[in-house]
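Each remark here refers to the structure printed beneath this line.
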There are 2 protein chains.
Amino acid sequence: MAQIALLDNLIEQLERLPSIGHKTASRLAFHLLRAPDGQAEALADAIVNARSGIHECDVCCNLAEGTLCPICSANNRDRHTICVVEQPQDVSAFERTREYHGLYHVLHGVISPMDGVGPDQIRIRPLLTRIANEDITEVIMATNPTVEGEATAMYISKLLAPFHIRVTRLAYGIPVGGDLEYADEITLRRSLEGRGEL
Amino acid sequence: MAQIALLDNLIEQLERLPSIGHKTASRLAFHLLRAPDGQAEALADAIVNARSGIHECDVCCNLAEGTLCPICSANNRDRHTICVVEQPQDVSAFERTREYHGLYHVLHGVISPMDGVGPDQIRIRPLLTRIANEDITEVIMATNPTVEGEATAMYISKLLAPFHIRVTRLAYGIPVGGDLEYADEITLRRSLEGRGEL
């Protein structure tokens with residue numbers, strides 16, 4: 001809309017969100033203007049409160065409201081296993097499986113020289129400190145199966161070699177419910193290599 | 001993510017936006033948490049400022065920052081024609097055509113008994129006041145071509161009858177670039193009825 005600066009500004013800020021284009025941003029802006037009293041303000045408050053109230057867990061770098069995240073402060077977790085993931089949302093993904101009961105370590109990224117991200121820009125150092133000080137028997141590398149994820153997993157596993165603990169990697173293979181016809185050859189080759197007894 | 005109340009709240013607030021489901025809301029929330037300093041806060045400010053700083057134009061009920069909207073306060077518009085639309089975003093749509101130079105009137109809805117919206121819930125009364133007091137020669141009914149939009153246009157045109165001014169309706173027909181094969185029969189019938197000389 002021409003010349004309504006506050007509206008243009010709102011649309012512009014909404015457009016900066018991922019996967020929100022100009023049309024969607026306009027639609028959301030008009031929705032927010034029309035929304036019942038308090039709804040838009042509740043969203044604004046939620047953003048500000050989340051930004052100011054959520055920080056990284058002192059131990060595992062997961063998201064936390066206090067000094068420790070819900071998982072590090074729980075007393076029913078296996079404290080000898082650490083699952084190393086890229087992002088906090090990967091923790092949620094593992095928690096949804098209800099299969100893993102150990103601890104996590106969130107790297108907040110992967111080593112990616114192309115994007116100027118080196119080992120010191122992600123949370124590798126706190127991981128080494130934990131392994132030196134805690135009684136850890138296994139580290140599961142659960143970075144994404146991408147070039148950067150692989151490289152980061154390899155890099156960390158080399159740093160962990162002196163500690164003589166078990167370092168494992170998630171299994172590769174065909175996704176459950178997937179279709180062999182559409183599986184790429186690398187995935188298929190890996191699933192052959194990793195085949196198990198029936 | 002289990003037990004991080006501030007994050008859950010942010011996701012919940014984002015989910016209330018139209019066309020934003022749980023997955024998208026989570027992705028946006030994690031993006032906002034990771035965003036560079038100031039970006040998320042700028043969005044929150046934009047929401048609050050837009051809500052508090054934008055209200056309805058005293059004349060045409062379009063969105064405005066001051067008492068008058070940019071169109072009512074412009075001095076290069078044809079002040080004898082009013083285009084009646086449902087929503088402020090319809091004004092933007094007409095302005096993009098660069099074809100219409102008259103004024104607007106924004107109803108902020110349509111008459112829809114099913115949704116409990118009667119003539120008094122939309123801005124029909126201010127429209128009548130304008131027509132009684134301003135020197136208007138034509139009113140273009142540009143409500144949407146839906147059952148409610150049609151009914152609202154008919155209702156208003158009846159109210160305008162005593163003023164003896166020209167009341168017109170947008171032309172119906174096949175959309176430019178459309179495909180006859182996929183045009184519904186009502187649209188096609190209307191485009192036949194409204195056919196013009198070549």
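Every chain in the structure tokens has a letter given in the order shown (A, B, ...), and although residue numbers restart at 1 in each chain, ligands are simply numbered from 1 in the order shown.
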Checklist entry - Could you pull out the helix (DSSP H, G or I) residues of chain B from DSSP and send them as an MDAnalysis selection string? => result chainID B and resid 5:15 22:34 39:53 70:73 88:97 113:115 119:121 124:133 147:163 180:182 185:193
List as a Markdown table every residue of chain B that is in contact with chain A, defined as an atom at most 8 Å from one of its atoms (using only C-alpha atoms), together with the nearest atom pair and the distance in Å rounded to one decimal, sorted by chain and then rising number.
```
| residue | atom | partner | partner_atom | distance |
| --- | --- | --- | --- | --- |
| B:Met1 | CA | A:Ser92 | CA | 5.3 |
| B:Ala2 | CA | A:Pro70 | CA | 7.4 |
| B:Gln3 | CA | A:Pro70 | CA | 6.4 |
| B:Ile4 | CA | A:Glu65 | CA | 6.5 |
| B:Leu6 | CA | A:Ala50 | CA | 5.2 |
| B:Leu7 | CA | A:Ala50 | CA | 6.0 |
| B:Asn9 | CA | A:Ala46 | CA | 6.4 |
| B:Leu10 | CA | A:Ala46 | CA | 4.9 |
| B:Gln13 | CA | A:Leu43 | CA | 5.3 |
| B:Leu14 | CA | A:Leu43 | CA | 6.8 |
| B:Leu17 | CA | A:Leu28 | CA | 6.8 |
| B:Pro18 | CA | A:Leu28 | CA | 6.9 |
| B:Leu28 | CA | A:Leu17 | CA | 6.8 |
| B:Phe30 | CA | A:Gln89 | CA | 7.7 |
| B:His31 | CA | A:Leu17 | CA | 7.5 |
| B:Leu32 | CA | A:Ile47 | CA | 7.5 |
| B:Leu33 | CA | A:Arg51 | CA | 5.9 |
| B:Gln39 | CA | A:Gln13 | CA | 8.0 |
| B:Ala40 | CA | A:Ile47 | CA | 6.7 |
| B:Glu41 | CA | A:Val48 | CA | 6.2 |
| B:Ala42 | CA | A:Gln13 | CA | 7.0 |
| B:Leu43 | CA | A:Gln13 | CA | 5.3 |
| B:Ala44 | CA | A:Ala44 | CA | 4.3 |
| B:Asp45 | CA | A:Ala44 | CA | 7.1 |
| B:Ala46 | CA | A:Leu10 | CA | 4.9 |
| B:Ile47 | CA | A:Leu10 | CA | 6.2 |
| B:Val48 | CA | A:Glu41 | CA | 6.1 |
| B:Asn49 | CA | A:Leu6 | CA | 6.8 |
| B:Ala50 | CA | A:Leu6 | CA | 5.2 |
| B:Arg51 | CA | A:Leu33 | CA | 5.9 |
| B:Gly53 | CA | A:Leu6 | CA | 7.2 |
| B:Ile54 | CA | A:Leu6 | CA | 7.2 |
| B:Leu63 | CA | A:Ile4 | CA | 7.8 |
| B:Ala64 | CA | A:Ile4 | CA | 6.6 |
| B:Glu65 | CA | A:Ile4 | CA | 6.5 |
| B:Pro70 | CA | A:Gln3 | CA | 6.3 |
| B:Gln89 | CA | A:Met1 | CA | 7.5 |
| B:Val91 | CA | A:Met1 | CA | 7.8 |
| B:Ser92 | CA | A:Met1 | CA | 5.3 |
```
I need the residues from that last selection saved to file as a tab-separated table (two decimals), in the first residue's frame (with N, CA and C atoms), if you can.
```tsv
chain	number	residue	atom	x	y	z
B	1	MET	N	9.63	-28.55	21.28
B	1	MET	CA	10.67	-28.94	22.26
B	1	MET	C	10.01	-29.04	23.64
B	2	ALA	N	10.24	-30.14	24.31
B	2	ALA	CA	9.59	-30.36	25.59
B	2	ALA	C	10.06	-29.35	26.63
B	3	GLN	N	9.10	-28.76	27.32
B	3	GLN	CA	9.36	-28.02	28.55
B	3	GLN	C	10.03	-26.66	28.41
B	4	ILE	N	10.26	-26.17	27.18
B	4	ILE	CA	10.76	-24.80	27.07
B	4	ILE	C	9.54	-23.93	26.76
B	6	LEU	N	8.74	-20.77	26.85
B	6	LEU	CA	8.81	-19.56	26.02
B	6	LEU	C	8.82	-19.91	24.54
B	7	LEU	N	9.51	-21.01	24.21
B	7	LEU	CA	9.57	-21.44	22.82
B	7	LEU	C	8.20	-21.99	22.39
B	9	ASN	N	5.37	-21.20	23.55
B	9	ASN	CA	4.45	-20.07	23.43
B	9	ASN	C	4.65	-19.33	22.11
B	10	LEU	N	5.93	-19.14	21.73
B	10	LEU	CA	6.22	-18.45	20.46
B	10	LEU	C	5.66	-19.25	19.29
B	13	GLN	N	1.87	-18.90	19.17
B	13	GLN	CA	1.42	-17.60	18.65
B	13	GLN	C	1.60	-17.53	17.13
B	14	LEU	N	2.72	-18.09	16.63
B	14	LEU	CA	2.96	-18.06	15.19
B	14	LEU	C	1.94	-18.93	14.46
B	17	LEU	N	-1.32	-17.53	12.97
B	17	LEU	CA	-1.33	-16.77	11.71
B	17	LEU	C	-1.93	-17.64	10.61
B	18	PRO	N	-2.58	-17.02	9.61
B	18	PRO	CA	-3.19	-17.82	8.56
B	18	PRO	C	-2.13	-18.54	7.73
B	28	LEU	N	9.92	-21.07	11.88
B	28	LEU	CA	10.01	-19.61	12.05
B	28	LEU	C	10.53	-19.28	13.45
B	30	PHE	N	12.47	-21.09	15.47
B	30	PHE	CA	13.91	-21.36	15.57
B	30	PHE	C	14.70	-20.30	14.80
B	31	HIS	N	14.14	-19.88	13.66
B	31	HIS	CA	14.80	-18.82	12.89
B	31	HIS	C	14.89	-17.54	13.71
B	32	LEU	N	13.79	-17.19	14.37
B	32	LEU	CA	13.78	-15.94	15.15
B	32	LEU	C	14.77	-16.02	16.30
B	33	LEU	N	14.89	-17.21	16.90
B	33	LEU	CA	15.84	-17.35	18.03
B	33	LEU	C	17.27	-17.20	17.55
B	39	GLN	N	16.95	-8.25	14.70
B	39	GLN	CA	15.99	-8.58	13.64
B	39	GLN	C	14.64	-9.03	14.21
B	40	ALA	N	14.68	-9.93	15.17
B	40	ALA	CA	13.43	-10.41	15.76
B	40	ALA	C	12.74	-9.28	16.51
B	41	GLU	N	13.53	-8.47	17.20
B	41	GLU	CA	12.98	-7.34	17.95
B	41	GLU	C	12.35	-6.34	16.98
B	42	ALA	N	12.98	-6.16	15.79
B	42	ALA	CA	12.43	-5.24	14.80
B	42	ALA	C	11.06	-5.71	14.34
B	43	LEU	N	10.90	-7.03	14.19
B	43	LEU	CA	9.60	-7.59	13.79
B	43	LEU	C	8.57	-7.32	14.88
B	44	ALA	N	8.95	-7.60	16.14
B	44	ALA	CA	8.03	-7.37	17.25
B	44	ALA	C	7.62	-5.90	17.31
B	45	ASP	N	8.61	-4.99	17.14
B	45	ASP	CA	8.30	-3.56	17.16
B	45	ASP	C	7.37	-3.19	16.01
B	46	ALA	N	7.65	-3.77	14.82
B	46	ALA	CA	6.83	-3.45	13.64
B	46	ALA	C	5.38	-3.84	13.89
B	47	ILE	N	5.17	-4.99	14.54
B	47	ILE	CA	3.81	-5.43	14.83
B	47	ILE	C	3.12	-4.45	15.77
B	48	VAL	N	3.82	-4.13	16.87
B	48	VAL	CA	3.22	-3.24	17.87
B	48	VAL	C	2.97	-1.85	17.29
B	49	ASN	N	3.94	-1.33	16.53
B	49	ASN	CA	3.78	0.01	15.96
B	49	ASN	C	2.67	0.07	14.92
B	50	ALA	N	2.58	-0.99	14.09
B	50	ALA	CA	1.53	-1.01	13.08
B	50	ALA	C	0.16	-1.05	13.75
B	51	ARG	N	0.06	-1.90	14.81
B	51	ARG	CA	-1.22	-2.00	15.51
B	51	ARG	C	-1.61	-0.69	16.17
B	53	GLY	N	-0.31	2.42	15.44
B	53	GLY	CA	-0.22	3.63	14.61
B	53	GLY	C	-1.12	3.66	13.39
B	54	ILE	N	-1.70	2.49	13.03
B	54	ILE	CA	-2.56	2.46	11.84
B	54	ILE	C	-4.02	2.36	12.26
B	63	LEU	N	-6.94	2.14	5.38
B	63	LEU	CA	-5.92	2.25	6.43
B	63	LEU	C	-5.23	3.60	6.33
B	64	ALA	N	-4.90	4.18	7.48
B	64	ALA	CA	-4.27	5.50	7.49
B	64	ALA	C	-3.40	5.63	8.72
B	65	GLU	N	-2.34	6.42	8.59
B	65	GLU	CA	-1.52	6.72	9.76
B	65	GLU	C	-2.02	7.97	10.47
B	70	PRO	N	-3.62	8.11	2.50
B	70	PRO	CA	-2.84	8.78	1.45
B	70	PRO	C	-3.71	9.18	0.25
B	89	GLN	N	-6.69	-4.20	1.23
B	89	GLN	CA	-5.78	-4.75	0.22
B	89	GLN	C	-6.37	-4.66	-1.19
B	91	VAL	N	-7.78	-1.99	-2.26
B	91	VAL	CA	-7.34	-0.65	-2.70
B	91	VAL	C	-5.97	-0.79	-3.36
B	92	SER	N	-5.06	-1.53	-2.72
B	92	SER	CA	-3.72	-1.74	-3.30
B	92	SER	C	-3.84	-2.37	-4.68
```
Checklist entry - If you count only C-alpha atoms, which residues fall within 9 Å of Met141 of chain A, apart from same-chain ones fewer than 3 positions away, as a list in words? => result Ile82, Cys83, Val84, Val85, Ala153, Met154, Ile156, Ser157, Val167, Thr168, Arg169 and Leu170 of chain A
Checklist entry - Within 12 Å of Gly102 of chain A, counting only C-alpha atoms, which residues qualify if same-chain residues fewer than 4 places away don't, as a ChimeraX atom specification? => result /A:60,71-72,74-84,91,94-95,98,136-140
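Once segment 115-127 of chain A and its same-chain neighbours fewer than 5 positions away are set aside, Val59, Cys60, Cys61, Val84, His105, Val106, Leu107, His108, Gly109, Val110, Ala132, Thr152, Tyr155 and Ile156 of chain A remain within 9 Å of it when counting only C-alpha atoms.
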Item to check | Computed interatomic separation between atom CA of Arg190 of chain B and atom CA of Gly173 of chain B (Å) | outcome: 5.9 Å
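When atom CA of Leu198 of chain B is paired with atom CA of Pro175 of chain B, their separation reads 17.6 Å.
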Item to check | Option closest in space to His164 of chain B, from B:Glu181, B:Lys23, B:Ile131, B:Tyr104 [counting only C-alpha atoms] | outcome: B:Ile131
